[in-house]
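S.K.: Provided below: my_file25.pdb, containing PDB, C-alpha atoms.
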```pdb
MODEL        1
ATOM      1  CA  MET A 228     -48.186  -0.302 -25.489
ATOM      2  CA  VAL A 229     -44.642   0.922 -26.049
ATOM      3  CA  SER A 230     -44.304   3.839 -28.441
ATOM      4  CA  ILE A 231     -41.522   4.201 -31.014
ATOM      5  CA  LYS A 232     -40.086   7.098 -29.012
ATOM      6  CA  GLN A 233     -39.935   4.991 -25.861
ATOM      7  CA  LYS A 234     -38.331   2.136 -27.798
ATOM      8  CA  ASN A 235     -35.702   4.533 -29.101
ATOM      9  CA  ASN A 236     -35.043   5.808 -25.591
ATOM     10  CA  ILE A 237     -34.547   2.291 -24.284
ATOM     11  CA  ARG A 238     -32.183   1.511 -27.169
ATOM     12  CA  LEU A 239     -30.270   4.727 -26.544
ATOM     13  CA  GLN A 240     -29.930   4.014 -22.833
ATOM     14  CA  ARG A 241     -28.538   0.578 -23.650
ATOM     15  CA  GLN A 242     -26.098   2.072 -26.147
ATOM     16  CA  LEU A 243     -24.952   4.655 -23.610
ATOM     17  CA  LYS A 244     -24.391   1.945 -21.038
ATOM     18  CA  ASP A 245     -22.352   0.019 -23.614
ATOM     19  CA  VAL A 246     -20.256   3.097 -24.421
ATOM     20  CA  LYS A 247     -19.475   3.699 -20.753
ATOM     21  CA  LYS A 248     -18.652   0.009 -20.315
ATOM     22  CA  GLN A 249     -16.305   0.122 -23.297
ATOM     23  CA  PHE A 250     -14.609   3.177 -21.857
ATOM     24  CA  ALA A 251     -14.310   1.559 -18.447
ATOM     25  CA  GLY A 252     -12.851  -1.576 -20.036
ATOM     26  CA  ALA A 253     -10.281   0.458 -21.941
ATOM     27  CA  ALA A 254      -9.511   2.544 -18.866
ATOM     28  CA  LYS A 255      -9.058  -0.547 -16.710
ATOM     29  CA  ARG A 256      -6.195  -1.814 -18.826
ATOM     30  CA  ALA A 257      -4.764   1.612 -19.596
ATOM     31  CA  VAL A 258      -4.526   2.792 -15.978
ATOM     32  CA  VAL A 259      -2.614  -0.318 -14.910
ATOM     33  CA  ASN A 260      -0.264  -0.076 -17.892
ATOM     34  CA  GLU A 261       0.431   3.598 -17.314
ATOM     35  CA  ILE A 262       1.064   3.175 -13.568
ATOM     36  CA  ARG A 263       3.344   0.218 -14.236
ATOM     37  CA  LYS A 264       5.273   2.139 -16.891
ATOM     38  CA  SER A 265       5.709   5.084 -14.565
ATOM     39  CA  ILE A 266       7.028   2.934 -11.705
ATOM     40  CA  LEU A 267       9.423   1.140 -14.052
ATOM     41  CA  ARG A 268      10.808   4.515 -15.106
ATOM     42  CA  GLY A 269      11.374   5.314 -11.433
ATOM     43  CA  VAL A 270       8.750   8.055 -11.354
ATOM     44  CA  THR A 271       5.818   8.237  -8.952
ATOM     45  CA  PRO A 272       2.374   7.966 -10.585
ATOM     46  CA  VAL A 273       0.896  10.237  -7.893
ATOM     47  CA  LYS A 274       0.270  13.877  -8.759
ATOM     48  CA  GLY A 275       1.852  16.504  -6.529
ATOM     49  CA  VAL A 276       4.496  14.256  -4.960
ATOM     50  CA  THR A 277       7.903  15.896  -5.055
ATOM     51  CA  PRO A 278      10.456  14.932  -6.132
ATOM     52  CA  ARG A 279       8.777  12.942  -8.832
ATOM     53  CA  ARG A 280      11.593  10.430  -8.948
ATOM     54  CA  PHE A 281      11.636   7.755  -6.277
ATOM     55  CA  GLU A 282      14.176   8.314  -3.529
ATOM     56  CA  LYS A 283      17.456   6.582  -4.267
ATOM     57  CA  TYR A 284      18.305   3.270  -2.636
ATOM     58  CA  SER A 285      20.292   3.346   0.605
ATOM     59  CA  ASP A 286      24.055   2.947   0.399
ATOM     60  CA  SER A 287      23.896  -0.476   2.005
ATOM     61  CA  TYR A 288      21.236  -1.672  -0.439
ATOM     62  CA  LYS A 289      23.232  -0.251  -3.337
ATOM     63  CA  ASP A 290      26.285  -2.156  -2.104
ATOM     64  CA  ALA A 291      24.200  -5.312  -1.870
ATOM     65  CA  ILE A 292      22.947  -4.863  -5.443
ATOM     66  CA  GLU A 293      26.395  -4.131  -6.802
ATOM     67  CA  SER A 294      27.941  -7.112  -5.061
ATOM     68  CA  GLY A 295      25.257  -9.364  -6.516
ATOM     69  CA  GLN A 296      23.563 -10.230  -3.223
ATOM     70  CA  VAL A 297      20.177  -9.059  -4.478
ATOM     71  CA  VAL A 298      19.308 -11.821  -6.904
ATOM     72  CA  GLY A 299      17.542 -10.482  -9.973
ATOM     73  CA  LYS A 300      18.719  -6.899  -9.653
ATOM     74  CA  SER A 301      21.910  -5.558 -11.147
ATOM     75  CA  ARG A 302      21.288  -1.820 -11.544
ATOM     76  CA  VAL A 303      20.896   0.786  -8.831
ATOM     77  CA  ARG A 304      19.167   3.229 -11.159
ATOM     78  CA  PRO A 305      16.401   3.796 -12.005
ATOM     79  CA  VAL A 306      14.831   3.084  -8.627
ATOM     80  CA  ASN A 307      11.998   1.048 -10.088
ATOM     81  CA  LEU A 308      11.112  -1.281  -7.187
ATOM     82  CA  LYS A 309      11.717  -4.252  -9.420
ATOM     83  CA  VAL A 310      13.676  -7.214  -8.112
ATOM     84  CA  THR A 311      11.608 -10.236  -9.017
ATOM     85  CA  GLY A 312       8.848  -8.272 -10.749
ATOM     86  CA  LYS A 313       6.182  -9.772  -8.499
ATOM     87  CA  LEU A 314       5.063  -6.451  -7.013
ATOM     88  CA  LEU A 315       4.471  -4.974 -10.445
ATOM     89  CA  ARG A 316       2.698  -8.116 -11.618
ATOM     90  CA  ASP A 317       0.466  -7.837  -8.568
ATOM     91  CA  LEU A 318      -0.837  -4.488  -9.768
ATOM     92  CA  LYS A 319      -4.279  -5.432 -11.002
ATOM     93  CA  SER A 320      -7.572  -3.833 -11.865
ATOM     94  CA  LYS A 321     -11.213  -4.753 -12.061
ATOM     95  CA  ARG A 322     -14.272  -3.041 -13.432
ATOM     96  CA  LYS A 323     -17.353  -2.479 -11.307
ATOM     97  CA  GLY A 324     -19.988  -0.979 -13.575
ATOM     98  CA  THR A 325     -18.387   2.192 -14.859
ATOM     99  CA  LYS A 326     -15.935   2.374 -11.975
ATOM    100  CA  ILE A 327     -12.435   0.953 -12.069
ATOM    101  CA  ILE A 328     -10.696  -0.455  -9.017
ATOM    102  CA  VAL A 329      -6.919  -0.482  -9.287
ATOM    103  CA  PHE A 330      -5.119  -2.443  -6.606
ATOM    104  CA  PHE A 331      -1.832  -3.973  -5.549
ATOM    105  CA  ASP A 332      -2.434  -7.458  -4.222
ATOM    106  CA  ASN A 333       0.875  -7.524  -2.400
ATOM    107  CA  VAL A 334       1.855  -6.628   1.149
ATOM    108  CA  LEU A 335       4.986  -4.836  -0.112
ATOM    109  CA  ALA A 336       2.853  -2.215  -1.810
ATOM    110  CA  ASP A 337       1.606  -0.797   1.479
ATOM    111  CA  ILE A 338       5.133  -0.857   2.877
ATOM    112  CA  HIS A 339       6.449   1.205  -0.056
ATOM    113  CA  ASN A 340       3.403   3.426  -0.350
ATOM    114  CA  ARG A 341       2.543   4.236   3.265
ATOM    115  CA  LEU A 342       4.657   2.645   5.970
ATOM    116  CA  GLY A 343       8.124   3.120   4.530
ATOM    117  CA  ALA A 344      10.613   0.502   3.409
ATOM    118  CA  GLY A 345      13.857  -0.470   5.077
ATOM    119  CA  LYS A 346      15.511   0.901   8.178
ATOM    120  CA  ALA A 347      15.134   4.477   6.950
ATOM    121  CA  LYS A 348      11.407   3.910   6.302
ATOM    122  CA  THR A 349      11.607   5.339   2.806
ATOM    123  CA  ILE A 350       8.226   6.049   1.301
ATOM    124  CA  ARG A 351       7.859   5.678  -2.451
ATOM    125  CA  ARG A 352       4.329   6.525  -3.534
ATOM    126  CA  ILE A 353       3.136   3.945  -6.028
ATOM    127  CA  LEU A 354      -0.634   4.501  -5.926
ATOM    128  CA  PRO A 355      -2.745   7.603  -5.168
ATOM    129  CA  THR A 356      -4.515   6.045  -2.185
ATOM    130  CA  LYS A 357      -5.080   9.189  -0.136
ATOM    131  CA  GLU A 358      -8.272  11.234  -0.355
ATOM    132  CA  GLY A 359      -8.170  13.761  -3.181
ATOM    133  CA  GLU A 360      -4.988  12.426  -4.768
ATOM    134  CA  GLU A 361      -4.851  12.070  -8.522
ATOM    135  CA  LEU A 362      -2.747  10.347 -11.119
ATOM    136  CA  SER A 363       0.144  12.403 -12.473
ATOM    137  CA  THR A 364      -0.440  14.831 -15.323
ATOM    138  CA  ASN A 365       1.675  12.758 -17.668
ATOM    139  CA  ILE A 366      -0.403   9.639 -17.039
ATOM    140  CA  MET A 367      -3.635  11.614 -17.475
ATOM    141  CA  LYS A 368      -2.368  12.916 -20.812
ATOM    142  CA  ASN A 369      -1.629   9.390 -21.994
ATOM    143  CA  LEU A 370      -5.016   8.187 -20.788
ATOM    144  CA  ARG A 371      -6.759  10.914 -22.772
ATOM    145  CA  ARG A 372      -4.851   9.779 -25.844
ATOM    146  CA  ILE A 373      -6.154   6.255 -25.225
ATOM    147  CA  LEU A 374      -9.670   7.673 -24.799
ATOM    148  CA  VAL A 375      -9.500   9.299 -28.217
ATOM    149  CA  LYS A 376      -8.406   5.972 -29.703
ATOM    150  CA  THR A 377     -11.330   4.214 -28.006
ATOM    151  CA  VAL A 378     -13.736   6.868 -29.306
ATOM    152  CA  ARG A 379     -12.484   6.283 -32.830
ATOM    153  CA  LYS A 380     -12.939   2.560 -32.416
ATOM    154  CA  ILE A 381     -16.514   2.956 -31.125
ATOM    155  CA  LEU A 382     -17.497   5.322 -33.903
ATOM    156  CA  ARG A 383     -15.969   3.208 -36.651
TER     157      ARG A 383
ATOM    158  CA  MET B 276      17.272 -15.059  35.703
ATOM    159  CA  LEU B 277      16.432 -15.913  32.089
ATOM    160  CA  ASP B 278      13.739 -18.311  33.250
ATOM    161  CA  ASP B 279      12.257 -15.523  35.359
ATOM    162  CA  TYR B 280      12.504 -13.263  32.318
ATOM    163  CA  GLU B 281      10.441 -15.739  30.337
ATOM    164  CA  ARG B 282       7.916 -16.069  33.144
ATOM    165  CA  GLY B 283       7.717 -12.294  33.586
ATOM    166  CA  PHE B 284       5.409 -11.736  30.622
ATOM    167  CA  LYS B 285       1.686 -11.621  31.318
ATOM    168  CA  VAL B 286      -1.258 -11.098  28.997
ATOM    169  CA  ASN B 287      -3.665  -8.591  30.558
ATOM    170  CA  SER B 288      -7.428  -8.647  30.319
ATOM    171  CA  ASP B 289      -7.346  -5.792  27.742
ATOM    172  CA  ASP B 290      -5.120  -7.930  25.467
ATOM    173  CA  SER B 291      -2.001  -5.858  26.197
ATOM    174  CA  ILE B 292       1.140  -7.539  27.481
ATOM    175  CA  SER B 293       2.972  -6.462  30.601
ATOM    176  CA  PHE B 294       6.358  -7.482  31.871
ATOM    177  CA  SER B 295       7.804  -7.608  35.367
ATOM    178  CA  ILE B 296      10.741  -9.349  36.939
ATOM    179  CA  SER B 297      11.133  -9.126  40.682
ATOM    180  CA  GLY B 298      13.134 -10.459  43.627
ATOM    181  CA  PHE B 299      16.743 -11.533  43.287
ATOM    182  CA  SER B 300      16.421 -12.028  39.523
ATOM    183  CA  GLY B 301      14.960  -8.539  39.284
ATOM    184  CA  ASP B 302      17.990  -7.048  41.016
ATOM    185  CA  LYS B 303      20.309  -8.991  38.742
ATOM    186  CA  ALA B 304      18.374  -7.902  35.649
ATOM    187  CA  ASP B 305      18.521  -4.293  36.816
ATOM    188  CA  GLY B 306      22.242  -4.602  37.438
ATOM    189  CA  HIS B 307      22.780  -5.732  33.857
ATOM    190  CA  SER B 308      20.281  -3.400  32.244
ATOM    191  CA  HIS B 309      20.957  -0.225  34.320
ATOM    192  CA  LEU B 310      17.270   0.636  34.339
ATOM    193  CA  SER B 311      16.592   1.976  37.842
ATOM    194  CA  GLY B 312      19.650   4.221  37.932
ATOM    195  CA  LYS B 313      21.159   2.409  40.946
ATOM    196  CA  PRO B 314      24.952   2.238  40.695
ATOM    197  CA  SER B 315      26.129  -1.067  39.265
ATOM    198  CA  LYS B 316      29.574  -2.526  38.797
ATOM    199  CA  LEU B 317      28.428  -4.539  35.817
ATOM    200  CA  PRO B 318      28.804  -3.223  32.282
ATOM    201  CA  ARG B 319      25.497  -2.222  30.694
ATOM    202  CA  ARG B 320      24.031  -5.143  28.786
ATOM    203  CA  ARG B 321      20.466  -4.069  28.341
ATOM    204  CA  PHE B 322      18.124  -6.933  27.553
ATOM    205  CA  ILE B 323      15.002  -5.184  28.827
ATOM    206  CA  PRO B 324      13.980  -1.977  27.007
ATOM    207  CA  GLY B 325      13.912   1.156  29.147
ATOM    208  CA  ASP B 326      11.529   4.125  29.003
ATOM    209  CA  GLY B 327      10.855   5.117  25.395
ATOM    210  CA  GLN B 328      12.739   2.104  24.084
ATOM    211  CA  LYS B 329      11.365  -0.849  22.174
ATOM    212  CA  TYR B 330      12.429  -4.370  21.545
ATOM    213  CA  ASN B 331      14.441  -4.668  18.357
ATOM    214  CA  LYS B 332      12.790  -5.073  14.987
ATOM    215  CA  LYS B 333      13.223  -8.834  14.844
ATOM    216  CA  ILE B 334      11.464  -9.306  18.172
ATOM    217  CA  THR B 335       8.618  -6.847  17.473
ATOM    218  CA  SER B 336       7.973  -8.343  14.066
ATOM    219  CA  GLY B 337       8.002 -11.820  15.673
ATOM    220  CA  ILE B 338       5.454 -10.655  18.240
ATOM    221  CA  LYS B 339       3.284  -9.171  15.508
ATOM    222  CA  LYS B 340       3.502 -12.379  13.505
ATOM    223  CA  ILE B 341       2.292 -14.420  16.470
ATOM    224  CA  GLU B 342      -0.392 -11.843  17.118
ATOM    225  CA  ARG B 343      -1.604 -11.946  13.516
ATOM    226  CA  SER B 344      -1.808 -15.724  13.435
ATOM    227  CA  TYR B 345      -3.670 -15.661  16.755
ATOM    228  CA  LYS B 346      -6.109 -13.098  15.420
ATOM    229  CA  ASN B 347      -6.669 -14.956  12.204
ATOM    230  CA  GLN B 348      -7.648 -17.920  14.328
ATOM    231  CA  THR B 349     -10.005 -16.036  16.598
ATOM    232  CA  LYS B 350     -11.291 -13.735  13.798
ATOM    233  CA  GLU B 351     -11.459 -10.716  16.039
ATOM    234  CA  SER B 352     -12.576  -7.329  14.789
ATOM    235  CA  THR B 353     -10.097  -4.662  13.666
ATOM    236  CA  ASN B 354     -10.813  -2.511  16.726
ATOM    237  CA  THR B 355      -9.742  -5.230  19.081
ATOM    238  CA  ARG B 356      -6.585  -5.786  17.094
ATOM    239  CA  THR B 357      -5.489  -2.201  17.666
ATOM    240  CA  THR B 358      -5.552  -2.512  21.438
ATOM    241  CA  SER B 359      -3.668  -5.764  21.496
ATOM    242  CA  THR B 360      -0.367  -4.209  20.431
ATOM    243  CA  GLN B 361      -0.284  -1.899  23.455
ATOM    244  CA  GLY B 362       2.988  -1.983  25.272
ATOM    245  CA  PHE B 363       5.070  -2.298  22.137
ATOM    246  CA  GLY B 364       4.743   1.284  20.973
ATOM    247  CA  GLN B 365       3.174   0.428  17.663
ATOM    248  CA  GLY B 366      -0.486   0.066  16.756
ATOM    249  CA  GLU B 367      -2.380  -1.757  14.056
ATOM    250  CA  GLU B 368      -1.860   1.114  11.647
ATOM    251  CA  ASP B 369       1.812   0.119  11.495
ATOM    252  CA  LEU B 370       1.006  -3.304  10.098
ATOM    253  CA  PRO B 371       1.078  -3.496   6.317
ATOM    254  CA  GLU B 372      -2.208  -4.087   4.575
ATOM    255  CA  PRO B 373      -2.179  -7.104   2.224
ATOM    256  CA  THR B 374      -3.919  -5.064  -0.476
ATOM    257  CA  ILE B 375      -4.031  -1.371  -1.280
ATOM    258  CA  SER B 376      -6.557  -0.098  -3.754
ATOM    259  CA  ARG B 377      -7.986   2.972  -5.402
ATOM    260  CA  THR B 378     -11.334   3.313  -7.150
ATOM    261  CA  PHE B 379     -11.418   5.578 -10.186
ATOM    262  CA  THR B 380     -14.483   6.943 -11.896
ATOM    263  CA  LEU B 381     -14.360   7.641 -15.633
ATOM    264  CA  ARG B 382     -14.032  11.310 -14.756
ATOM    265  CA  ASP B 383     -10.964  10.550 -12.597
ATOM    266  CA  VAL B 384      -9.356   8.628 -15.416
ATOM    267  CA  PHE B 385     -10.143  10.774 -18.395
ATOM    268  CA  GLY B 386     -10.740  14.116 -16.678
ATOM    269  CA  GLU B 387     -13.441  16.651 -17.480
ATOM    270  CA  GLN B 388     -12.333  16.726 -21.079
ATOM    271  CA  GLY B 389     -12.882  12.983 -21.247
ATOM    272  CA  GLU B 390     -16.373  13.336 -19.846
ATOM    273  CA  SER B 391     -17.277  15.778 -22.609
ATOM    274  CA  ILE B 392     -15.841  13.400 -25.210
ATOM    275  CA  ILE B 393     -18.053  10.628 -23.823
ATOM    276  CA  ASP B 394     -21.020  13.004 -24.067
ATOM    277  CA  ARG B 395     -20.130  13.761 -27.664
ATOM    278  CA  VAL B 396     -20.057  10.051 -28.464
ATOM    279  CA  ALA B 397     -23.437   9.662 -26.812
ATOM    280  CA  ARG B 398     -24.844  12.558 -28.855
ATOM    281  CA  ARG B 399     -23.472  11.036 -32.025
ATOM    282  CA  LEU B 400     -25.154   7.749 -31.166
ATOM    283  CA  ARG B 401     -28.404   9.565 -30.407
ATOM    284  CA  ASN B 402     -28.365  11.185 -33.805
ATOM    285  CA  GLY B 403     -27.657   7.835 -35.408
TER     286      GLY B 403
ENDMDL
END
```
Show how you would write the structure in this file as structure tokens.
M.R.:
Amino acid sequence: MVSIKQKNNIRLQRQLKDVKKQFAGAAKRAVVNEIRKSILRGVTPVKGVTPRRFEKYSDSYKDAIESGQVVGKSRVRPVNLKVTGKLLRDLKSKRKGTKIIVFFDNVLADIHNRLGAGKAKTIRRILPTKEGEELSTNIMKNLRRILVKTVRKILR
Amino acid sequence: MLDDYERGFKVNSDDSISFSISGFSGDKADGHSHLSGKPSKLPRRRFIPGDGQKYNKKITSGIKKIERSYKNQTKESTNTRTTSTQGFGQGEEDLPEPTISRTFTLRDVFGEQGESIIDRVARRLRNG
């Protein structure tokens, strides 16, 4: 026979699971939005990477942009890795329990993030993929703001 | 000479590729490429990479493309793929991954402060 106390415990466990799920759901969307915003501003979302701004485009690429050869791109600053917008659209996330997996489903992401793009092999860190790396302080601050909003929503 | 160049490539048993061109064509190729250091009256037109040199980017990426399609067909393991690029100076780690990902826990996303906020919410729920 299940006692009232046990029933309450079961209910509480369920509620806790729901709370964590709600947080994870909110975090899933928020992390992607914040990373995307940061990249579009031309700033790396990875903590500890200096300089924070992405390295400028090479002179030859700048010339190509300015002469209109790069279709879909007309400005050389900010360096936001956006030509067609596909790379940024391919930044996705999924929730696995209370964990959030953020991923770029695009081969260009690894080229920018790890291998280096172009002849000069310029690395522009767009995701904290290395062990121990974190999201930038600014992003964390914004995420905490979103957390507070979510808390308010849950408690309403 | 160019036919011999084409025939000079061999796939070894360890999946690496070796290249040799010998005989009269070999001498001609050396004369053009200035590889052995023998004096040559011909201007240097190197079409075979020397020590520490690689084929140009277009060729290496072409080789990798063929290699990838071959591996997709045979579904070999990652370890085998690494050895197969021997001889071109670049290993599997130089090939871009189709997807890069990062798993975050709630603590990673919201920090320690966030964790305590979640606890507070839980406590509030517990107290009704």
S.K.: Enter the distance from CA of Ser291 (chain B) to CA of Arg343 (chain B), in Å, rounded to one decimal.
M.R.: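 The value is 14.1 Å.
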S.K.: Which residues come within 12 Å of Thr380 (chain B), counting all atoms listed in the file, excluding same-chain residues fewer than 6 positions away, as a list in words?
M.R.: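 Using all atoms listed in the file, the neighbours found are Lys247, Lys248, Phe250, Ala251, Gly252, Ala254, Lys255, Val258, Arg322, Lys323, Gly324, Thr325, Lys326, Ile327, Ile328, Val329 and Glu361 of chain A; Gly386, Glu387, Gly389 and Glu390 of chain B.
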S.K.: Skipping near chain neighbours, those fewer than 5 positions away, what residues fall within 8 Å of Phe385 (chain B) using all atoms listed in the file, listed as a PyMOL selection string?
M.R.: (chain A and resi 367+370-371+374) or (chain B and resi 390)
S.K.: If the ChimeraX specification (/A :<7) & /B were run on this exact file, what residues would it hold? Put them as a list in words.
M.R.: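 After applying the ChimeraX specification (/A :<7) & /B, what remains is Asp369, Pro371, Glu372, Pro373, Thr374, Ile375, Ser376, Arg377, Thr378, Phe379, Thr380, Leu381, Val384, Phe385, Gly389, Ala397 and Arg401 of chain B.
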S.K.: Looking at only C-alpha atoms, which of B:Glu342, B:His309, B:Ile334, B:Phe299 is the one that sits closest to Val286 (chain B)?
M.R.: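 Selected residue with least distance to Val286 (chain B): B:Glu342.
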S.K.: Could you work out how far CA of Lys274 (chain A) lies from CA of Ser301 (chain A), giving the answer in Å with one decimal?
M.R.: 29.2 Å
S.K.: Between A:Ala344, A:Val276, A:Ile266, A:Ile350, which residue has the minimum interatomic distance to Leu308 (chain A), considering all atoms listed in the file?
M.R.: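 Result for the nearest residue to Leu308 (chain A): A:Ile266.
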S.K.: Given the PyMOL selection byres ((chain B and resi 320) around 7) and the file above, list the residues it selects as a PyMOL selection string.
M.R.: chain B and resi 307-308+318-319+321-322
S.K.: Find the spatial neighbours of Ser295 (chain B), counting only C-alpha atoms, within a cut-off of 10 Å - ignore same-chain residues fewer than 2 positions away - and output them as an NGL selection string.
M.R.: :B and (279-285 or 293 or 297 or 301)
S.K.: Would you mind putting N, CA and C atoms back on region 275-287 of chain A and writing the result as a PDB file, in the frame of the given file?
M.R.:
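Listing of part_15.pdb after writing:
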```pdb
ATOM      1  N   GLY A 275       1.528  15.600  -7.642  1.00  0.00           N
ATOM      2  CA  GLY A 275       1.852  16.504  -6.529  1.00  0.00           C
ATOM      3  C   GLY A 275       2.938  15.999  -5.602  1.00  0.00           C
ATOM      4  N   VAL A 276       3.430  14.782  -5.819  1.00  0.00           N
ATOM      5  CA  VAL A 276       4.496  14.256  -4.960  1.00  0.00           C
ATOM      6  C   VAL A 276       5.830  14.762  -5.496  1.00  0.00           C
ATOM      7  N   THR A 277       6.579  15.404  -4.630  1.00  0.00           N
ATOM      8  CA  THR A 277       7.903  15.896  -5.055  1.00  0.00           C
ATOM      9  C   THR A 277       9.000  15.293  -4.177  1.00  0.00           C
ATOM     10  N   PRO A 278      10.161  14.976  -4.699  1.00  0.00           N
ATOM     11  CA  PRO A 278      10.456  14.932  -6.132  1.00  0.00           C
ATOM     12  C   PRO A 278       9.703  13.803  -6.812  1.00  0.00           C
ATOM     13  N   ARG A 279       9.556  13.949  -8.112  1.00  0.00           N
ATOM     14  CA  ARG A 279       8.777  12.942  -8.832  1.00  0.00           C
ATOM     15  C   ARG A 279       9.495  11.603  -8.891  1.00  0.00           C
ATOM     16  N   ARG A 280      10.834  11.690  -8.901  1.00  0.00           N
ATOM     17  CA  ARG A 280      11.593  10.430  -8.948  1.00  0.00           C
ATOM     18  C   ARG A 280      11.609   9.778  -7.567  1.00  0.00           C
ATOM     19  N   PHE A 281      11.576   8.462  -7.552  1.00  0.00           N
ATOM     20  CA  PHE A 281      11.636   7.755  -6.277  1.00  0.00           C
ATOM     21  C   PHE A 281      12.982   8.024  -5.609  1.00  0.00           C
ATOM     22  N   GLU A 282      12.942   8.072  -4.278  1.00  0.00           N
ATOM     23  CA  GLU A 282      14.176   8.314  -3.529  1.00  0.00           C
ATOM     24  C   GLU A 282      15.170   7.193  -3.813  1.00  0.00           C
ATOM     25  N   LYS A 283      16.448   7.598  -3.899  1.00  0.00           N
ATOM     26  CA  LYS A 283      17.456   6.582  -4.267  1.00  0.00           C
ATOM     27  C   LYS A 283      17.576   5.511  -3.182  1.00  0.00           C
ATOM     28  N   TYR A 284      18.123   4.362  -3.581  1.00  0.00           N
ATOM     29  CA  TYR A 284      18.305   3.270  -2.636  1.00  0.00           C
ATOM     30  C   TYR A 284      19.369   3.652  -1.613  1.00  0.00           C
ATOM     31  N   SER A 285      19.300   3.047  -0.431  1.00  0.00           N
ATOM     32  CA  SER A 285      20.292   3.346   0.605  1.00  0.00           C
ATOM     33  C   SER A 285      21.655   2.815   0.162  1.00  0.00           C
ATOM     34  N   ASP A 286      22.689   3.368   0.783  1.00  0.00           N
ATOM     35  CA  ASP A 286      24.055   2.947   0.399  1.00  0.00           C
ATOM     36  C   ASP A 286      24.248   1.444   0.610  1.00  0.00           C
ATOM     37  N   SER A 287      23.690   0.948   1.721  1.00  0.00           N
ATOM     38  CA  SER A 287      23.896  -0.476   2.005  1.00  0.00           C
ATOM     39  C   SER A 287      23.168  -1.345   0.975  1.00  0.00           C
TER      40      SER A 287
END
```
